[in-house]
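Just structure-v3.pdb here, PDB, C-alpha atoms:
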```pdb
ATOM      1  CA  MET H   1      34.309   6.292  43.433
ATOM      2  CA  GLY H   2      33.295   3.762  46.067
ATOM      3  CA  LEU H   3      29.836   5.281  46.515
ATOM      4  CA  GLN H   4      26.330   3.843  46.812
ATOM      5  CA  LEU H   5      23.998   4.953  44.011
ATOM      6  CA  VAL H   6      20.755   6.391  45.395
ATOM      7  CA  ARG H   7      18.970   7.966  42.417
ATOM      8  CA  SER H   8      19.628   9.449  39.002
ATOM      9  CA  GLU H   9      17.962  12.704  37.895
ATOM     10  CA  PHE H  10      16.733  13.584  41.368
ATOM     11  CA  SER H  11      14.580  16.742  41.304
ATOM     12  CA  ILE H  12      14.205  19.038  44.302
ATOM     13  CA  LYS H  13      13.121  22.689  44.608
ATOM     14  CA  ASN H  14      13.052  23.191  40.816
ATOM     15  CA  ARG H  15      16.601  21.848  40.469
ATOM     16  CA  ARG H  16      17.673  18.567  38.968
ATOM     17  CA  ILE H  17      20.584  16.624  40.394
ATOM     18  CA  ASP H  18      22.253  14.296  37.891
ATOM     19  CA  THR H  19      23.091  11.620  40.463
ATOM     20  CA  LEU H  20      22.518  11.367  44.198
ATOM     21  CA  ALA H  21      24.915   9.006  45.961
ATOM     22  CA  PHE H  22      25.812   8.047  49.521
ATOM     23  CA  ASP H  23      29.261   7.459  50.984
ATOM     24  CA  LYS H  24      28.983   4.709  53.606
ATOM     25  CA  GLN H  25      32.497   5.391  54.859
ATOM     26  CA  THR H  26      31.716   8.968  55.856
ATOM     27  CA  ASN H  27      27.930   8.485  56.225
ATOM     28  CA  ALA H  28      27.370  11.482  53.962
ATOM     29  CA  PHE H  29      25.415  12.308  50.809
ATOM     30  CA  ILE H  30      27.295  13.117  47.600
ATOM     31  CA  ILE H  31      25.798  15.035  44.677
ATOM     32  CA  ILE H  32      27.346  14.116  41.314
ATOM     33  CA  GLU H  33      27.064  16.417  38.310
ATOM     34  CA  TYR H  34      28.230  15.494  34.788
ATOM     35  CA  LYS H  35      29.594  18.392  32.752
ATOM     36  CA  ARG H  36      30.629  19.016  29.154
ATOM     37  CA  ASP H  37      30.485  22.809  29.221
ATOM     38  CA  LYS H  38      33.779  24.480  30.162
ATOM     39  CA  ASN H  39      32.207  27.880  30.719
ATOM     40  CA  TYR H  40      30.561  27.320  34.066
ATOM     41  CA  SER H  41      31.651  27.977  37.639
ATOM     42  CA  VAL H  42      32.028  24.814  39.691
ATOM     43  CA  VAL H  43      32.356  26.985  42.796
ATOM     44  CA  ASP H  44      29.008  28.765  42.395
ATOM     45  CA  GLN H  45      27.151  25.636  41.388
ATOM     46  CA  GLY H  46      28.831  23.526  44.083
ATOM     47  CA  LEU H  47      27.934  26.003  46.823
ATOM     48  CA  THR H  48      24.345  26.143  45.534
ATOM     49  CA  TYR H  49      23.989  22.362  45.687
ATOM     50  CA  LEU H  50      25.562  22.080  49.141
ATOM     51  CA  ASN H  51      23.228  24.777  50.415
ATOM     52  CA  LEU H  52      20.266  23.016  48.785
ATOM     53  CA  MET H  53      21.151  19.773  50.548
ATOM     54  CA  LEU H  54      21.620  21.304  53.991
ATOM     55  CA  GLN H  55      18.319  23.158  53.779
ATOM     56  CA  ASN H  56      16.367  20.085  52.650
ATOM     57  CA  LYS H  57      17.798  17.240  54.718
ATOM     58  CA  ALA H  58      14.451  15.493  55.161
ATOM     59  CA  GLU H  59      13.964  15.245  51.378
ATOM     60  CA  PHE H  60      17.338  13.557  50.940
ATOM     61  CA  ILE H  61      16.641  11.090  53.758
ATOM     62  CA  LEU H  62      13.201  10.299  52.330
ATOM     63  CA  THR H  63      14.621   9.747  48.845
ATOM     64  CA  TYR H  64      17.296   7.400  50.214
ATOM     65  CA  ASN H  65      14.780   5.339  52.190
ATOM     66  CA  GLU H  66      12.140   5.184  49.451
ATOM     67  CA  THR H  67      14.606   4.288  46.704
ATOM     68  CA  LEU H  68      16.722   1.766  48.620
ATOM     69  CA  LYS H  69      13.946   0.455  50.893
ATOM     70  CA  ASP H  70      16.036   1.319  53.929
ATOM     71  CA  THR H  71      15.603   3.149  57.244
ATOM     72  CA  LEU H  72      18.324   5.779  57.286
ATOM     73  CA  HIS H  73      17.815   8.420  60.011
ATOM     74  CA  SER H  74      19.013  12.014  59.867
ATOM     75  CA  LYS H  75      21.016  11.561  63.074
ATOM     76  CA  ASP H  76      23.015   8.819  61.331
ATOM     77  CA  VAL H  77      24.092  11.154  58.504
ATOM     78  CA  ASP H  78      27.231  13.271  58.901
ATOM     79  CA  TRP H  79      25.998  16.366  57.079
ATOM     80  CA  SER H  80      29.338  18.124  57.707
ATOM     81  CA  GLN H  81      30.969  15.808  55.157
ATOM     82  CA  SER H  82      28.436  16.399  52.371
ATOM     83  CA  ARG H  83      30.174  16.857  49.017
ATOM     84  CA  VAL H  84      29.562  17.741  45.385
ATOM     85  CA  ALA H  85      31.529  15.885  42.727
ATOM     86  CA  PHE H  86      31.787  17.252  39.179
ATOM     87  CA  VAL H  87      32.606  14.723  36.472
ATOM     88  CA  SER H  88      33.877  15.805  33.056
ATOM     89  CA  PRO H  89      36.257  14.725  30.271
ATOM     90  CA  SER H  90      38.333  17.779  31.214
ATOM     91  CA  PHE H  91      38.356  20.929  33.315
ATOM     92  CA  THR H  92      39.886  24.283  32.489
ATOM     93  CA  GLU H  93      42.753  25.699  34.530
ATOM     94  CA  ASN H  94      40.356  28.377  35.791
ATOM     95  CA  GLN H  95      37.911  25.766  37.058
ATOM     96  CA  ILE H  96      40.662  23.805  38.789
ATOM     97  CA  SER H  97      42.261  26.832  40.433
ATOM     98  CA  ALA H  98      38.880  28.346  41.395
ATOM     99  CA  SER H  99      37.911  25.195  43.330
ATOM    100  CA  ASP H 100      41.306  24.742  45.000
ATOM    101  CA  PHE H 101      40.264  25.244  48.623
ATOM    102  CA  LYS H 102      41.384  22.806  51.307
ATOM    103  CA  ASP H 103      38.095  22.966  53.240
ATOM    104  CA  PHE H 104      35.682  23.080  50.304
ATOM    105  CA  GLY H 105      33.398  20.054  49.814
ATOM    106  CA  ILE H 106      33.780  19.999  46.039
ATOM    107  CA  GLU H 107      35.639  17.376  44.020
ATOM    108  CA  LEU H 108      36.634  17.344  40.341
ATOM    109  CA  TRP H 109      36.859  13.997  38.512
ATOM    110  CA  GLU H 110      38.171  13.605  34.968
ATOM    111  CA  VAL H 111      36.832  10.671  32.966
ATOM    112  CA  LYS H 112      38.417   9.832  29.615
ATOM    113  CA  GLN H 113      37.602   7.105  27.128
ATOM    114  CA  PHE H 114      40.276   5.558  24.901
ATOM    115  CA  GLU H 115      40.390   2.852  22.272
ATOM    116  CA  ASN H 116      39.201  -0.674  23.144
ATOM    117  CA  ASN H 117      36.746   0.811  25.679
ATOM    118  CA  ILE H 118      39.515   1.670  28.119
ATOM    119  CA  ILE H 119      38.339   4.301  30.600
ATOM    120  CA  SER H 120      40.481   6.300  33.009
ATOM    121  CA  ILE H 121      38.933   7.917  36.086
ATOM    122  CA  ASN H 122      41.096  10.403  37.951
ATOM    123  CA  SER H 123      40.350  12.678  40.874
ATOM    124  CA  ILE H 124      41.983  16.111  40.635
ATOM    125  CA  LYS H 125      43.754  16.672  43.928
ATOM    126  CA  LYS H 126      43.921  19.865  45.924
ATOM    127  CA  SER H 127      47.263  21.642  45.805
ATOM    128  CA  SER H 128      49.547  21.551  48.847
ATOM    129  CA  GLY H 129      49.108  25.305  49.249
ATOM    130  CA  ALA H 130      45.304  25.332  49.007
ATOM    131  CA  GLN H 131      43.708  28.106  51.049
ATOM    132  CA  SER H 132      40.515  28.124  53.140
ATOM    133  CA  ILE H 133      37.292  29.178  51.430
ATOM    134  CA  LYS H 134      35.694  30.456  54.648
ATOM    135  CA  PRO H 135      36.947  34.058  54.334
ATOM    136  CA  LEU H 136      35.086  34.274  51.005
ATOM    137  CA  LEU H 137      31.854  33.180  52.684
ATOM    138  CA  GLU H 138      32.024  35.495  55.686
ATOM    139  CA  ASN H 139      29.571  38.068  54.352
ATOM    140  CA  SER H 140      27.182  35.650  52.663
ATOM    141  CA  ASP H 141      23.956  35.107  54.628
ATOM    142  CA  LYS H 142      22.655  32.966  51.776
ATOM    143  CA  LEU H 143      25.457  30.445  52.297
ATOM    144  CA  LYS H 144      25.298  30.460  56.095
ATOM    145  CA  GLU H 145      24.438  26.736  56.178
ATOM    146  CA  VAL H 146      27.491  25.834  54.100
ATOM    147  CA  LYS H 147      29.810  28.104  56.064
ATOM    148  CA  GLU H 148      28.711  26.718  59.432
ATOM    149  CA  ASN H 149      28.156  23.058  58.636
ATOM    150  CA  ILE H 150      30.510  21.792  55.923
ATOM    151  CA  LYS H 151      33.840  20.494  57.197
ATOM    152  CA  VAL H 152      36.587  18.985  55.037
ATOM    153  CA  TYR H 153      39.152  17.357  57.300
ATOM    154  CA  THR H 154      42.908  17.769  56.881
ATOM    155  CA  GLU H 155      45.966  16.083  58.337
ATOM    156  CA  GLU H 156      46.492  19.171  60.489
ATOM    157  CA  ASP H 157      43.099  18.619  62.148
ATOM    158  CA  HIS H 158      44.286  15.208  63.325
ATOM    159  CA  LEU H 159      47.824  16.199  64.248
ATOM    160  CA  THR H 160      46.480  18.713  66.758
ATOM    161  CA  ASN H 161      45.016  15.758  68.673
ATOM    162  CA  GLY H 162      48.444  14.221  69.179
ATOM    163  CA  SER H 163      51.511  15.080  71.213
ATOM    164  CA  ASP H 164      54.912  15.943  69.742
ATOM    165  CA  THR H 165      55.888  12.302  70.250
ATOM    166  CA  THR H 166      52.863  10.830  68.481
ATOM    167  CA  VAL H 167      53.082  13.339  65.618
ATOM    168  CA  GLU H 168      56.688  12.252  65.052
ATOM    169  CA  LEU H 169      55.593   8.628  65.249
ATOM    170  CA  TYR H 170      52.808   9.277  62.733
ATOM    171  CA  GLU H 171      55.242  10.857  60.265
ATOM    172  CA  LYS H 172      57.442   7.728  60.403
ATOM    173  CA  PHE H 173      54.553   5.370  59.776
ATOM    174  CA  LYS H 174      53.089   7.643  57.112
ATOM    175  CA  ALA H 175      56.371   7.674  55.160
ATOM    176  CA  SER H 176      56.679   3.893  55.460
ATOM    177  CA  ILE H 177      53.126   3.248  54.230
ATOM    178  CA  LEU H 178      53.608   5.569  51.239
ATOM    179  CA  ASN H 179      56.760   3.624  50.339
ATOM    180  CA  LEU H 180      54.875   0.315  50.151
ATOM    181  CA  ALA H 181      53.495   1.027  46.666
ATOM    182  CA  ASP H 182      52.984   3.744  44.090
ATOM    183  CA  ASN H 183      49.909   5.977  44.089
ATOM    184  CA  ILE H 184      48.874   5.514  47.718
ATOM    185  CA  GLU H 185      46.646   8.445  48.676
ATOM    186  CA  ILE H 186      46.205  10.133  52.047
ATOM    187  CA  ILE H 187      42.527  10.942  52.698
ATOM    188  CA  PRO H 188      41.829  12.501  56.120
ATOM    189  CA  GLN H 189      38.401  11.572  57.450
ATOM    190  CA  LYS H 190      36.522  12.716  60.545
ATOM    191  CA  PHE H 191      37.986  10.192  62.995
ATOM    192  CA  TYR H 192      41.127   8.933  61.268
ATOM    193  CA  ILE H 193      43.571   9.439  58.415
ATOM    194  CA  ALA H 194      42.950   6.943  55.624
ATOM    195  CA  PHE H 195      45.622   5.521  53.324
ATOM    196  CA  LYS H 196      44.066   4.357  50.081
ATOM    197  CA  LYS H 197      45.105   2.501  46.985
ATOM    198  CA  GLY H 198      41.751   2.112  45.278
ATOM    199  CA  SER H 199      40.149   1.338  48.640
ATOM    200  CA  ASN H 200      41.421   1.815  52.189
ATOM    201  CA  ILE H 201      44.462  -0.275  53.040
ATOM    202  CA  SER H 202      45.120   1.222  56.469
ATOM    203  CA  ASP H 203      43.755   3.943  58.754
ATOM    204  CA  ILE H 204      45.578   5.778  61.534
ATOM    205  CA  GLU H 205      43.840   7.334  64.526
ATOM    206  CA  MET H 206      45.893   9.928  66.396
ATOM    207  CA  GLN H 207      46.040   9.814  70.194
ATOM    208  CA  LYS H 208      48.004  11.669  72.841
ATOM    209  CA  LYS H 209      50.080   8.647  73.867
ATOM    210  CA  GLY H 210      50.204   6.629  70.683
ATOM    211  CA  LEU H 211      48.551   5.608  67.417
ATOM    212  CA  LYS H 212      45.785   3.198  66.569
ATOM    213  CA  ILE H 213      46.518   1.552  63.234
ATOM    214  CA  PHE H 214      43.736  -0.318  61.458
ATOM    215  CA  ILE H 215      44.422  -2.823  58.687
ATOM    216  CA  ASN H 216      41.603  -3.274  56.181
ATOM    217  CA  ALA H 217      41.468  -7.057  56.093
ATOM    218  CA  LYS H 218      38.723  -9.488  57.029
ATOM    219  CA  LYS H 219      39.096 -11.664  60.111
ATOM    220  CA  GLY H 220      41.189 -14.748  59.396
ATOM    221  CA  THR H 221      42.867 -13.365  56.255
ATOM    222  CA  LEU H 222      45.957 -11.722  57.797
ATOM    223  CA  ASP H 223      49.176 -13.682  58.348
ATOM    224  CA  ASP H 224      50.436 -12.382  61.714
ATOM    225  CA  PRO H 225      53.016 -14.825  63.150
ATOM    226  CA  LYS H 226      53.915 -12.442  66.004
ATOM    227  CA  GLY H 227      50.284 -12.123  67.070
ATOM    228  CA  LEU H 228      50.609  -8.358  67.158
ATOM    229  CA  VAL H 229      47.177  -7.402  65.828
ATOM    230  CA  LYS H 230      43.927  -7.329  67.786
ATOM    231  CA  ASP H 231      40.727  -8.763  66.352
ATOM    232  CA  VAL H 232      38.117  -5.972  66.504
ATOM    233  CA  SER H 233      35.566  -7.620  64.223
ATOM    234  CA  ASN H 234      33.024  -7.899  67.044
ATOM    235  CA  ILE H 235      33.600  -4.589  68.793
ATOM    236  CA  GLY H 236      32.964  -1.006  67.731
ATOM    237  CA  HIS H 237      35.873   0.747  66.054
ATOM    238  CA  ARG H 238      36.341   3.745  63.794
ATOM    239  CA  GLY H 239      38.820   2.474  61.222
ATOM    240  CA  ASN H 240      38.204   0.010  58.386
ATOM    241  CA  GLY H 241      38.947  -3.695  58.620
ATOM    242  CA  ASP H 242      38.888  -6.270  61.405
ATOM    243  CA  TYR H 243      42.421  -5.692  62.722
ATOM    244  CA  GLN H 244      43.817  -3.015  65.023
ATOM    245  CA  ILE H 245      47.293  -2.355  66.399
ATOM    246  CA  GLN H 246      47.978  -0.020  69.317
ATOM    247  CA  ILE H 247      51.501   1.402  69.148
ATOM    248  CA  GLU H 248      53.548   3.813  71.255
ATOM    249  CA  ASN H 249      56.918   3.451  69.488
ATOM    250  CA  ASP H 250      58.391   2.373  66.150
ATOM    251  CA  ASN H 251      59.989  -0.868  67.358
ATOM    252  CA  ASP H 252      57.734  -3.000  65.143
ATOM    253  CA  LEU H 253      57.500  -0.581  62.221
ATOM    254  CA  GLU H 254      58.942  -2.938  59.582
ATOM    255  CA  TYR H 255      56.834  -5.853  60.778
ATOM    256  CA  ILE H 256      53.654  -3.736  60.723
ATOM    257  CA  MET H 257      54.495  -2.667  57.168
ATOM    258  CA  SER H 258      54.674  -6.357  56.211
ATOM    259  CA  LEU H 259      51.130  -6.757  57.567
ATOM    260  CA  ILE H 260      49.755  -3.729  55.730
ATOM    261  CA  LYS H 261      51.457  -4.818  52.519
ATOM    262  CA  GLN H 262      49.346  -7.991  52.558
ATOM    263  CA  VAL H 263      46.193  -5.999  51.763
ATOM    264  CA  ILE H 264      47.659  -3.959  48.888
ATOM    265  CA  LYS H 265      46.336  -5.154  45.517
TER     266      LYS H 265
END
```
What would you get if you wrote out this structure as structure tokens?
Amino acid sequence: MGLQLVRSEFSIKNRRIDTLAFDKQTNAFIIIEYKRDKNYSVVDQGLTYLNLMLQNKAEFILTYNETLKDTLHSKDVDWSQSRVAFVSPSFTENQISASDFKDFGIELWEVKQFENNIISINSIKKSSGAQSIKPLLENSDKLKEVKENIKVYTEEDHLTNGSDTTVELYEKFKASILNLADNIEIIPQKFYIAFKKGSNISDIEMQKKGLKIFINAKKGTLDDPKGLVKDVSNIGHRGNGDYQIQIENDNDLEYIMSLIKQVIK
């Protein structure tokens, strides 16, 4: 899952969390629960855990620092991207459909074991027609923290930051990246749209006059005969990797795809 393990069986306020983890990409805490029982509501339990986290931020920071011997500060945590991940050999159709909200910080992961110790780990994706959960929380004072603070980002959130020209440009590059390999996922984050195959291969940041494309490769590992990419290894940047390309048209689309393809494993 690409997360940093913080603590197993973390107890807080008379509740026990199976695993507490931290996502360094989003700077957010993730609660992981392992389930065998098919007769529980992931929605109710997920909302309870998110609310628990938002009301006890100091406890989560303290646990992180004490366990990992670190100095994480609350201001460095993006609480809006807090999530709960349920892990199970299988989920019922009711559980999957009940959690199918586009802006709901709950994930379902199916883990199956086969012969020869082969294990498959698959994230259950939201449907393309997923609705917002916020109307269901409107009258809940108990879940006020969740309603006001949790934000799951979508492509639409980013597209509103662009112009008609850059949105069209994004769609061209998006289609080209997805054609580079099978099973490339689109994961919108707070500041950019990530394209993942296992880990991030490229990130796109929408702007009014163009796109910033980041390639997730270490400095000195990318073959760029045209010298198109910029080394951002020593300057602050939002995307992953040490290379950035600023584009305002699709003239170099095929060449940029050849660069991104170098980091696909």
Worksheet entry | Residue contacts of H:Arg16 (12 Å, all atoms listed in the file) excluding same-chain residues fewer than 4 positions away, as JSON, numbers by chain | {"H": [7, 8, 9, 10, 11, 12, 20, 31, 32, 33, 34, 49, 52]}
Practice prompt. Tell me which residues the PyMOL selection byres ((chain H and resi 183) around 12) grabs here, as a VMD selection string.
Written response: chain H and resid 122 177 to 182 184 to 186 195 to 199 264 to 265
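Between atom CA of H:Gly210 and atom CA of H:Asn27 the interatomic distance comes to 26.6 Å.
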Worksheet item: Once you count only C-alpha atoms, which residues end up no further than 8 Å from (39.7, 18.8, 57.2) in the file's frame, shown as a list in words?
Response: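 Result, sorted by chain then residue number: Lys102, Asp103, Lys151, Val152, Tyr153, Thr154, Glu155, Glu156, Asp157, Pro188, Gln189 and Lys190 of chain H.
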Practice prompt. Name the closest residue to H:Gln244 among the candidates H:Asp70, H:Glu168, H:Asp18, H:Glu205; distances are taken between atoms, counting only C-alpha atoms.
Written response: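 That would be H:Glu205, the residue with the smallest distance to H:Gln244.
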Discussion item. My list of candidates is H:Ile215, H:Glu107, H:Ser99, H:Thr19. Which is closest to H:Arg83 when distances are computed with only C-alpha atoms?
Written reply: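 Of the candidates, the smallest distance to H:Arg83 is held by H:Glu107.
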Worksheet entry | Spatial neighbours of H:Arg36, 12 Å, all atoms listed in the file, chain gap at least 6 places, as a list of chain:residue names |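 In the requested form, the answer reads H:Phe86, H:Val87, H:Ser88, H:Pro89, H:Ser90, H:Phe91, H:Thr92, H:Glu110, H:Val111.
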Repair of stretch 232-243 of chain H at the level of all heavy atoms, as a PDB file, in the frame of the given file:
```pdb
ATOM      1  N   VAL H 232      39.169  -6.894  66.068  1.00  0.00           N
ATOM      2  CA  VAL H 232      38.117  -5.972  66.504  1.00  0.00           C
ATOM      3  C   VAL H 232      36.839  -6.170  65.685  1.00  0.00           C
ATOM      4  O   VAL H 232      36.016  -5.270  65.583  1.00  0.00           O
ATOM      5  CB  VAL H 232      38.595  -4.504  66.411  1.00  0.00           C
ATOM      6  CG1 VAL H 232      39.697  -4.237  67.417  1.00  0.00           C
ATOM      7  CG2 VAL H 232      39.064  -4.160  64.990  1.00  0.00           C
ATOM      8  N   SER H 233      36.707  -7.357  65.108  1.00  0.00           N
ATOM      9  CA  SER H 233      35.566  -7.620  64.223  1.00  0.00           C
ATOM     10  C   SER H 233      34.235  -7.591  64.971  1.00  0.00           C
ATOM     11  O   SER H 233      33.194  -7.337  64.369  1.00  0.00           O
ATOM     12  CB  SER H 233      35.740  -8.969  63.521  1.00  0.00           C
ATOM     13  OG  SER H 233      35.864 -10.025  64.469  1.00  0.00           O
ATOM     14  N   ASN H 234      34.269  -7.842  66.277  1.00  0.00           N
ATOM     15  CA  ASN H 234      33.024  -7.899  67.044  1.00  0.00           C
ATOM     16  C   ASN H 234      32.872  -6.752  68.037  1.00  0.00           C
ATOM     17  O   ASN H 234      31.995  -6.798  68.903  1.00  0.00           O
ATOM     18  CB  ASN H 234      32.937  -9.234  67.792  1.00  0.00           C
ATOM     19  CG  ASN H 234      32.761 -10.407  66.840  1.00  0.00           C
ATOM     20  OD1 ASN H 234      31.993 -10.343  65.891  1.00  0.00           O
ATOM     21  ND2 ASN H 234      33.495 -11.480  67.094  1.00  0.00           N
ATOM     22  N   ILE H 235      33.720  -5.747  67.917  1.00  0.00           N
ATOM     23  CA  ILE H 235      33.600  -4.589  68.793  1.00  0.00           C
ATOM     24  C   ILE H 235      33.605  -3.316  67.951  1.00  0.00           C
ATOM     25  O   ILE H 235      34.117  -3.296  66.838  1.00  0.00           O
ATOM     26  CB  ILE H 235      34.734  -4.529  69.843  1.00  0.00           C
ATOM     27  CG1 ILE H 235      36.104  -4.417  69.169  1.00  0.00           C
ATOM     28  CG2 ILE H 235      34.689  -5.736  70.762  1.00  0.00           C
ATOM     29  CD1 ILE H 235      37.254  -4.237  70.142  1.00  0.00           C
ATOM     30  N   GLY H 236      33.020  -2.260  68.475  1.00  0.00           N
ATOM     31  CA  GLY H 236      32.964  -1.006  67.731  1.00  0.00           C
ATOM     32  C   GLY H 236      34.337  -0.396  67.540  1.00  0.00           C
ATOM     33  O   GLY H 236      35.154  -0.388  68.469  1.00  0.00           O
ATOM     34  N   HIS H 237      34.603   0.082  66.331  1.00  0.00           N
ATOM     35  CA  HIS H 237      35.873   0.747  66.054  1.00  0.00           C
ATOM     36  C   HIS H 237      35.678   1.692  64.880  1.00  0.00           C
ATOM     37  O   HIS H 237      34.764   1.524  64.074  1.00  0.00           O
ATOM     38  CB  HIS H 237      36.994  -0.254  65.772  1.00  0.00           C
ATOM     39  CG  HIS H 237      36.714  -1.178  64.622  1.00  0.00           C
ATOM     40  ND1 HIS H 237      35.853  -2.259  64.722  1.00  0.00           N
ATOM     41  CD2 HIS H 237      37.166  -1.184  63.353  1.00  0.00           C
ATOM     42  CE1 HIS H 237      35.802  -2.885  63.564  1.00  0.00           C
ATOM     43  NE2 HIS H 237      36.588  -2.253  62.706  1.00  0.00           N
ATOM     44  N   ARG H 238      36.534   2.690  64.793  1.00  0.00           N
ATOM     45  CA  ARG H 238      36.341   3.745  63.794  1.00  0.00           C
ATOM     46  C   ARG H 238      36.999   3.438  62.462  1.00  0.00           C
ATOM     47  O   ARG H 238      36.524   3.867  61.420  1.00  0.00           O
ATOM     48  CB  ARG H 238      36.874   5.065  64.353  1.00  0.00           C
ATOM     49  CG  ARG H 238      36.007   5.614  65.475  1.00  0.00           C
ATOM     50  CD  ARG H 238      36.665   6.773  66.173  1.00  0.00           C
ATOM     51  NE  ARG H 238      35.741   7.474  67.061  1.00  0.00           N
ATOM     52  CZ  ARG H 238      36.095   8.408  67.919  1.00  0.00           C
ATOM     53  NH1 ARG H 238      37.362   8.773  68.022  1.00  0.00           N
ATOM     54  NH2 ARG H 238      35.200   9.004  68.687  1.00  0.00           N
ATOM     55  N   GLY H 239      38.110   2.755  62.457  1.00  0.00           N
ATOM     56  CA  GLY H 239      38.820   2.474  61.222  1.00  0.00           C
ATOM     57  C   GLY H 239      38.205   1.313  60.458  1.00  0.00           C
ATOM     58  O   GLY H 239      37.309   0.610  60.948  1.00  0.00           O
ATOM     59  N   ASN H 240      38.693   1.092  59.234  1.00  0.00           N
ATOM     60  CA  ASN H 240      38.204   0.010  58.386  1.00  0.00           C
ATOM     61  C   ASN H 240      38.977  -1.270  58.643  1.00  0.00           C
ATOM     62  O   ASN H 240      40.159  -1.248  58.966  1.00  0.00           O
ATOM     63  CB  ASN H 240      38.334   0.404  56.918  1.00  0.00           C
ATOM     64  CG  ASN H 240      37.394   1.542  56.553  1.00  0.00           C
ATOM     65  OD1 ASN H 240      36.247   1.324  56.220  1.00  0.00           O
ATOM     66  ND2 ASN H 240      37.886   2.770  56.624  1.00  0.00           N
ATOM     67  N   GLY H 241      38.309  -2.403  58.446  1.00  0.00           N
ATOM     68  CA  GLY H 241      38.947  -3.695  58.620  1.00  0.00           C
ATOM     69  C   GLY H 241      38.708  -4.276  59.996  1.00  0.00           C
ATOM     70  O   GLY H 241      38.196  -3.624  60.907  1.00  0.00           O
ATOM     71  N   ASP H 242      39.122  -5.540  60.153  1.00  0.00           N
ATOM     72  CA  ASP H 242      38.888  -6.270  61.405  1.00  0.00           C
ATOM     73  C   ASP H 242      40.115  -6.328  62.305  1.00  0.00           C
ATOM     74  O   ASP H 242      40.090  -7.021  63.328  1.00  0.00           O
ATOM     75  CB  ASP H 242      38.443  -7.705  61.081  1.00  0.00           C
ATOM     76  CG  ASP H 242      37.058  -7.746  60.443  1.00  0.00           C
ATOM     77  OD1 ASP H 242      36.301  -6.771  60.626  1.00  0.00           O
ATOM     78  OD2 ASP H 242      36.745  -8.743  59.758  1.00  0.00           O
ATOM     79  N   TYR H 243      41.185  -5.609  61.939  1.00  0.00           N
ATOM     80  CA  TYR H 243      42.421  -5.692  62.722  1.00  0.00           C
ATOM     81  C   TYR H 243      42.894  -4.311  63.180  1.00  0.00           C
ATOM     82  O   TYR H 243      42.877  -3.350  62.416  1.00  0.00           O
ATOM     83  CB  TYR H 243      43.526  -6.350  61.895  1.00  0.00           C
ATOM     84  CG  TYR H 243      43.251  -7.796  61.567  1.00  0.00           C
ATOM     85  CD1 TYR H 243      42.866  -8.172  60.282  1.00  0.00           C
ATOM     86  CD2 TYR H 243      43.362  -8.786  62.533  1.00  0.00           C
ATOM     87  CE1 TYR H 243      42.613  -9.501  59.964  1.00  0.00           C
ATOM     88  CE2 TYR H 243      43.112 -10.119  62.234  1.00  0.00           C
ATOM     89  CZ  TYR H 243      42.736 -10.470  60.954  1.00  0.00           C
ATOM     90  OH  TYR H 243      42.485 -11.788  60.644  1.00  0.00           O
TER      91      TYR H 243
END
```
